[in-house]
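Chemist: Provided below: query_5.cif, containing mmCIF, N, CA and C atoms and all ligand atoms.
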data_final
loop_
_atom_site.label_atom_id
_atom_site.label_comp_id
_atom_site.auth_asym_id
_atom_site.auth_seq_id
_atom_site.Cartn_x
_atom_site.Cartn_y
_atom_site.Cartn_z
N MET A 136 -95.05 97.75 6.31
CA MET A 136 -95.52 97.08 7.53
C MET A 136 -94.51 97.26 8.66
N MET A 137 -95.02 97.61 9.80
CA MET A 137 -94.16 97.76 10.98
C MET A 137 -93.83 96.40 11.58
N ARG A 138 -92.61 96.27 12.03
CA ARG A 138 -92.22 95.07 12.75
C ARG A 138 -91.74 95.45 14.14
N LEU A 139 -91.82 94.49 15.04
CA LEU A 139 -91.29 94.69 16.38
C LEU A 139 -90.01 93.85 16.52
N HIS A 140 -89.16 94.29 17.41
CA HIS A 140 -87.91 93.54 17.53
C HIS A 140 -88.01 92.47 18.61
N CYS A 141 -87.25 91.42 18.39
CA CYS A 141 -87.15 90.33 19.35
C CYS A 141 -86.31 90.82 20.54
N PRO A 142 -86.76 90.60 21.77
CA PRO A 142 -86.00 91.10 22.92
C PRO A 142 -84.67 90.39 23.12
N CYS A 143 -84.50 89.26 22.50
CA CYS A 143 -83.26 88.50 22.68
C CYS A 143 -82.20 88.89 21.65
N CYS A 144 -82.51 88.74 20.35
CA CYS A 144 -81.49 88.97 19.32
C CYS A 144 -81.59 90.37 18.72
N GLU A 145 -82.64 91.13 19.05
CA GLU A 145 -82.80 92.52 18.59
C GLU A 145 -83.18 92.62 17.12
N ASN A 146 -83.33 91.51 16.43
CA ASN A 146 -83.77 91.58 15.04
C ASN A 146 -85.29 91.75 15.00
N PHE A 147 -85.75 92.37 13.92
CA PHE A 147 -87.18 92.69 13.83
C PHE A 147 -87.92 91.53 13.19
N THR A 148 -88.15 90.51 13.99
CA THR A 148 -88.73 89.28 13.47
C THR A 148 -90.23 89.19 13.72
N VAL A 149 -90.81 90.17 14.40
CA VAL A 149 -92.21 90.09 14.79
C VAL A 149 -93.06 91.06 13.98
N ASP A 150 -94.05 90.55 13.30
CA ASP A 150 -95.01 91.42 12.64
C ASP A 150 -95.93 92.00 13.69
N SER A 151 -96.03 93.31 13.74
CA SER A 151 -96.86 93.93 14.78
C SER A 151 -98.34 93.72 14.50
N ASP A 152 -98.66 93.19 13.32
CA ASP A 152 -100.06 92.85 13.02
C ASP A 152 -100.56 91.71 13.90
N ASP A 153 -99.63 90.90 14.38
CA ASP A 153 -100.02 89.81 15.28
C ASP A 153 -100.61 90.40 16.55
N GLU A 154 -101.85 90.08 16.79
CA GLU A 154 -102.50 90.60 17.99
C GLU A 154 -101.88 89.98 19.24
N VAL A 155 -101.75 88.69 19.18
CA VAL A 155 -101.16 87.98 20.31
C VAL A 155 -99.78 87.49 19.89
N ILE A 156 -98.81 87.98 20.59
CA ILE A 156 -97.44 87.59 20.23
C ILE A 156 -97.03 86.37 21.05
N VAL A 157 -97.36 85.22 20.51
CA VAL A 157 -96.90 83.97 21.10
C VAL A 157 -96.20 83.23 19.98
N ASP A 158 -94.93 83.45 19.90
CA ASP A 158 -94.23 82.95 18.73
C ASP A 158 -92.77 82.73 19.11
N ILE A 159 -92.11 81.96 18.28
CA ILE A 159 -90.69 81.72 18.50
C ILE A 159 -89.92 82.43 17.41
N CYS A 160 -88.93 83.17 17.82
CA CYS A 160 -88.11 83.93 16.88
C CYS A 160 -87.34 82.97 15.97
N ASP A 161 -87.43 83.19 14.65
CA ASP A 161 -86.73 82.33 13.69
C ASP A 161 -85.22 82.49 13.75
N VAL A 162 -84.79 83.63 14.27
CA VAL A 162 -83.36 83.94 14.23
C VAL A 162 -82.62 83.42 15.47
N CYS A 163 -83.25 83.50 16.64
CA CYS A 163 -82.55 83.08 17.86
C CYS A 163 -83.30 82.01 18.65
N PHE A 164 -84.51 81.67 18.22
CA PHE A 164 -85.36 80.66 18.85
C PHE A 164 -85.88 81.06 20.22
N TRP A 165 -85.81 82.34 20.53
CA TRP A 165 -86.42 82.83 21.77
C TRP A 165 -87.94 82.81 21.62
N GLN A 166 -88.64 82.31 22.62
CA GLN A 166 -90.09 82.36 22.61
C GLN A 166 -90.56 83.61 23.34
N TYR A 167 -91.33 84.41 22.62
CA TYR A 167 -91.82 85.65 23.21
C TYR A 167 -92.61 85.36 24.47
N ASP A 168 -92.26 86.01 25.55
CA ASP A 168 -92.84 85.70 26.84
C ASP A 168 -92.79 86.96 27.70
N VAL A 169 -93.96 87.58 27.86
CA VAL A 169 -94.03 88.86 28.55
C VAL A 169 -93.48 88.76 29.97
N THR A 170 -93.78 87.66 30.64
CA THR A 170 -93.31 87.48 32.02
C THR A 170 -91.78 87.52 32.07
N ALA A 171 -91.16 86.81 31.17
CA ALA A 171 -89.69 86.78 31.14
C ALA A 171 -89.12 88.14 30.74
N HIS A 172 -89.83 88.84 29.87
CA HIS A 172 -89.34 90.15 29.44
C HIS A 172 -89.37 91.16 30.57
N GLU A 173 -90.33 90.99 31.48
CA GLU A 173 -90.43 91.92 32.60
C GLU A 173 -89.42 91.60 33.69
N GLN A 174 -88.96 90.36 33.72
CA GLN A 174 -87.98 89.97 34.74
C GLN A 174 -86.80 89.28 34.05
N PRO A 175 -86.02 90.07 33.33
CA PRO A 175 -85.01 89.50 32.42
C PRO A 175 -83.90 88.71 33.11
N ASP A 176 -83.73 88.90 34.41
CA ASP A 176 -82.65 88.18 35.09
C ASP A 176 -83.11 86.87 35.72
N ARG A 177 -84.40 86.58 35.60
CA ARG A 177 -84.91 85.35 36.21
C ARG A 177 -85.18 84.28 35.16
N ASN A 178 -84.87 83.06 35.53
CA ASN A 178 -85.22 81.91 34.71
C ASN A 178 -86.69 81.61 34.95
N ILE A 179 -87.53 82.11 34.07
CA ILE A 179 -88.97 82.07 34.30
C ILE A 179 -89.67 81.92 32.96
N GLY A 180 -90.81 81.25 32.97
CA GLY A 180 -91.62 81.19 31.76
C GLY A 180 -91.18 80.11 30.79
N ALA A 181 -91.61 80.29 29.54
CA ALA A 181 -91.56 79.23 28.53
C ALA A 181 -90.15 78.86 28.08
N ASN A 182 -89.20 79.76 28.23
CA ASN A 182 -87.88 79.51 27.65
C ASN A 182 -86.95 78.69 28.56
N HIS A 183 -87.30 78.62 29.83
CA HIS A 183 -86.46 77.90 30.80
C HIS A 183 -85.03 78.40 30.81
N ILE A 184 -84.91 79.69 30.61
CA ILE A 184 -83.62 80.36 30.65
C ILE A 184 -83.95 81.84 30.82
N SER A 185 -83.11 82.58 31.52
CA SER A 185 -83.41 84.01 31.68
C SER A 185 -83.12 84.74 30.37
N LEU A 186 -83.80 85.86 30.17
CA LEU A 186 -83.57 86.64 28.95
C LEU A 186 -82.13 87.13 28.89
N THR A 187 -81.60 87.53 30.03
CA THR A 187 -80.21 88.01 30.08
C THR A 187 -79.25 86.92 29.61
N HIS A 188 -79.46 85.70 30.08
CA HIS A 188 -78.63 84.57 29.70
C HIS A 188 -78.81 84.24 28.21
N ALA A 189 -80.06 84.31 27.75
CA ALA A 189 -80.36 84.03 26.35
C ALA A 189 -79.64 85.01 25.43
N LYS A 190 -79.60 86.28 25.84
CA LYS A 190 -78.92 87.29 25.03
C LYS A 190 -77.43 87.03 24.97
N GLU A 191 -76.89 86.60 26.08
CA GLU A 191 -75.47 86.24 26.12
C GLU A 191 -75.18 85.09 25.15
N ASN A 192 -76.05 84.09 25.18
CA ASN A 192 -75.90 82.96 24.27
C ASN A 192 -75.99 83.41 22.83
N TYR A 193 -76.93 84.32 22.55
CA TYR A 193 -77.08 84.79 21.17
C TYR A 193 -75.80 85.48 20.70
N ARG A 194 -75.22 86.28 21.57
CA ARG A 194 -73.98 86.96 21.20
C ARG A 194 -72.87 85.96 20.91
N GLN A 195 -72.81 84.90 21.69
CA GLN A 195 -71.73 83.92 21.54
C GLN A 195 -71.99 82.91 20.44
N PHE A 196 -73.23 82.39 20.38
CA PHE A 196 -73.51 81.23 19.52
C PHE A 196 -74.51 81.53 18.41
N GLY A 197 -75.17 82.69 18.45
CA GLY A 197 -76.17 83.02 17.45
C GLY A 197 -77.49 82.32 17.67
N VAL A 198 -77.75 81.90 18.91
CA VAL A 198 -78.99 81.21 19.25
C VAL A 198 -79.20 81.36 20.75
N CYS A 199 -80.48 81.39 21.20
CA CYS A 199 -80.73 81.68 22.61
C CYS A 199 -80.30 80.53 23.52
N LYS A 200 -80.35 79.30 23.00
CA LYS A 200 -79.86 78.15 23.75
C LYS A 200 -79.14 77.25 22.76
N LYS A 201 -77.98 76.78 23.14
CA LYS A 201 -77.14 76.03 22.18
C LYS A 201 -77.85 74.81 21.59
N GLU A 202 -78.76 74.21 22.37
CA GLU A 202 -79.45 73.01 21.87
C GLU A 202 -80.31 73.30 20.64
N PHE A 203 -80.62 74.57 20.40
CA PHE A 203 -81.47 74.95 19.26
C PHE A 203 -80.65 75.44 18.07
N ILE A 204 -79.36 75.23 18.11
CA ILE A 204 -78.50 75.85 17.10
C ILE A 204 -78.86 75.44 15.67
N HIS A 205 -79.43 74.26 15.49
CA HIS A 205 -79.79 73.81 14.15
C HIS A 205 -81.21 74.24 13.74
N MET A 206 -81.90 74.94 14.63
CA MET A 206 -83.28 75.35 14.37
C MET A 206 -83.35 76.78 13.83
N VAL A 207 -82.28 77.50 13.86
CA VAL A 207 -82.34 78.94 13.58
C VAL A 207 -81.75 79.28 12.22
N ARG A 208 -82.01 80.49 11.79
CA ARG A 208 -81.46 80.99 10.52
C ARG A 208 -80.90 82.38 10.75
N LYS A 209 -80.14 82.85 9.78
CA LYS A 209 -79.63 84.22 9.84
C LYS A 209 -80.78 85.21 9.62
N PRO A 210 -80.67 86.41 10.22
CA PRO A 210 -81.72 87.40 9.99
C PRO A 210 -81.78 87.85 8.53
N LEU A 211 -82.98 88.13 8.06
CA LEU A 211 -83.17 88.69 6.72
C LEU A 211 -82.78 90.16 6.75
N GLN A 212 -82.48 90.69 5.57
CA GLN A 212 -82.13 92.11 5.48
C GLN A 212 -83.16 93.00 6.18
N GLU A 213 -84.45 92.74 5.92
CA GLU A 213 -85.48 93.61 6.47
C GLU A 213 -85.69 93.40 7.97
N GLU A 214 -85.04 92.40 8.53
CA GLU A 214 -85.16 92.16 9.98
C GLU A 214 -84.01 92.76 10.79
N LEU A 215 -82.97 93.19 10.10
CA LEU A 215 -81.81 93.73 10.81
C LEU A 215 -82.17 95.05 11.50
N PRO A 216 -81.65 95.26 12.71
CA PRO A 216 -81.97 96.50 13.45
C PRO A 216 -81.64 97.76 12.64
N GLU A 217 -80.52 97.74 11.89
CA GLU A 217 -80.14 98.95 11.15
C GLU A 217 -81.10 99.27 10.00
N ASN A 218 -81.92 98.29 9.60
CA ASN A 218 -82.90 98.53 8.55
C ASN A 218 -84.30 98.81 9.10
N ASN A 219 -84.39 98.97 10.42
CA ASN A 219 -85.69 99.19 11.05
C ASN A 219 -85.69 100.41 11.97
N LYS A 220 -84.89 101.40 11.62
CA LYS A 220 -84.87 102.62 12.43
C LYS A 220 -86.19 103.39 12.25
N GLU A 221 -86.67 103.93 13.33
CA GLU A 221 -87.89 104.73 13.24
C GLU A 221 -87.60 106.09 12.60
ZN ZN A 301 -84.70 86.65 18.31
#
As structure tokens - that is how I would like this structure written.
Ligand SMILES: [Zn+2]

Modeler:
Amino acid sequence: MMRLHCPCCENFTVDSDDEVIVDICDVCFWQYDVTAHEQPDRNIGANHISLTHAKENYRQFGVCKKEFIHMVRKPLQEELPENNKE
């Protein structure tokens, strides 16, 4: 099964079988939001934080926003970018 990667943490947490991708990443708690993905430097859409800022947080804290730090888990082996090369 093909997976898509989360735009925030880069882990492959999204099953591409999902027709509508409205979901929250288990690894970084980023909510998939096409509007925010198209304008990554703007605080816009469901996450109330810009994608650029969320990525910075993920690098530092392992979560897109520190308030969600207890909601997330480590990526599974099959979700790691190095295990999902085309
Ligand atoms: Zn993520």

Chemist: Within 12 Å of ligand ZN 301 (chain A), which residues of chain A show up? Give each one with its shortest atom-to-atom distance in Å (one decimal) and the two atoms involved, counting only C-alpha atoms and all ligand atoms, rows by chain then rising residue number, as CSV.

Modeler:
residue,atom,partner,partner_atom,distance
A:Leu139,CA,A:ZN301,ZN,10.6
A:His140,CA,A:ZN301,ZN,7.6
A:Cys141,CA,A:ZN301,ZN,4.5
A:Pro142,CA,A:ZN301,ZN,6.5
A:Cys143,CA,A:ZN301,ZN,5.0
A:Cys144,CA,A:ZN301,ZN,4.1
A:Glu145,CA,A:ZN301,ZN,6.2
A:Asn146,CA,A:ZN301,ZN,6.0
A:Phe147,CA,A:ZN301,ZN,7.9
A:Thr148,CA,A:ZN301,ZN,6.8
A:Val149,CA,A:ZN301,ZN,9.0
A:Asp158,CA,A:ZN301,ZN,10.2
A:Ile159,CA,A:ZN301,ZN,7.8
A:Cys160,CA,A:ZN301,ZN,4.6
A:Asp161,CA,A:ZN301,ZN,6.6
A:Val162,CA,A:ZN301,ZN,5.1
A:Cys163,CA,A:ZN301,ZN,4.2
A:Phe164,CA,A:ZN301,ZN,6.1
A:Trp165,CA,A:ZN301,ZN,5.4
A:Gln166,CA,A:ZN301,ZN,8.1
A:Tyr167,CA,A:ZN301,ZN,8.7
A:Asp168,CA,A:ZN301,ZN,11.8
A:Leu186,CA,A:ZN301,ZN,10.7
A:Ala189,CA,A:ZN301,ZN,9.5
A:Lys190,CA,A:ZN301,ZN,8.9
A:Asn192,CA,A:ZN301,ZN,11.3
A:Tyr193,CA,A:ZN301,ZN,8.3
A:Arg194,CA,A:ZN301,ZN,11.1
A:Gly197,CA,A:ZN301,ZN,9.3
A:Val198,CA,A:ZN301,ZN,7.9
A:Cys199,CA,A:ZN301,ZN,7.7
A:Lys200,CA,A:ZN301,ZN,11.2
A:Val207,CA,A:ZN301,ZN,9.3
A:Arg208,CA,A:ZN301,ZN,10.2
A:Lys209,CA,A:ZN301,ZN,10.2
A:Pro210,CA,A:ZN301,ZN,8.9
A:Leu211,CA,A:ZN301,ZN,11.9
A:Glu214,CA,A:ZN301,ZN,10.0
A:Leu215,CA,A:ZN301,ZN,10.7
A:Pro216,CA,A:ZN301,ZN,11.3

Chemist: Between atom N of Ala171 of chain A and atom C of Ile184 of chain A, what is the distance, to one decimal in Å?

Modeler: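 Going from atom N of Ala171 of chain A over to atom C of Ile184 of chain A covers 8.8 Å.
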
Chemist: Enumerate as a list in words all residues of chain A assigned to alpha helix (DSSP H) by DSSP on the backbone, naming them with the chain letters and numbers the document uses.

Modeler: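 Filtering chain A to alpha helix (DSSP H) leaves Val169, Thr170, Ala171, His172, Glu173, Leu186, Thr187, His188, Ala189, Lys190, Glu191, Asn192, Tyr193, Arg194, Gln195 and Phe196 of chain A.
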
Chemist: Extract the full set of strand (DSSP E or B) residues from chain A according to DSSP on the backbone, and format it as a ChimeraX atom specification.

Modeler: /A:138-139,149-150,159,166

Chemist: Work out how far atom CA of Lys201 of chain A is from atom CA of Thr170 of chain A, in Å to one decimal.

Modeler: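 According to the coordinates, atom CA of Thr170 of chain A and atom CA of Lys201 of chain A are separated by 22.1 Å.
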
Chemist: Provide the atom N of His205 of chain A to atom CA of Glu173 of chain A distance in Å, to one decimal place.

Modeler: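 Separation of atom N of His205 of chain A and atom CA of Glu173 of chain A: 26.9 Å.
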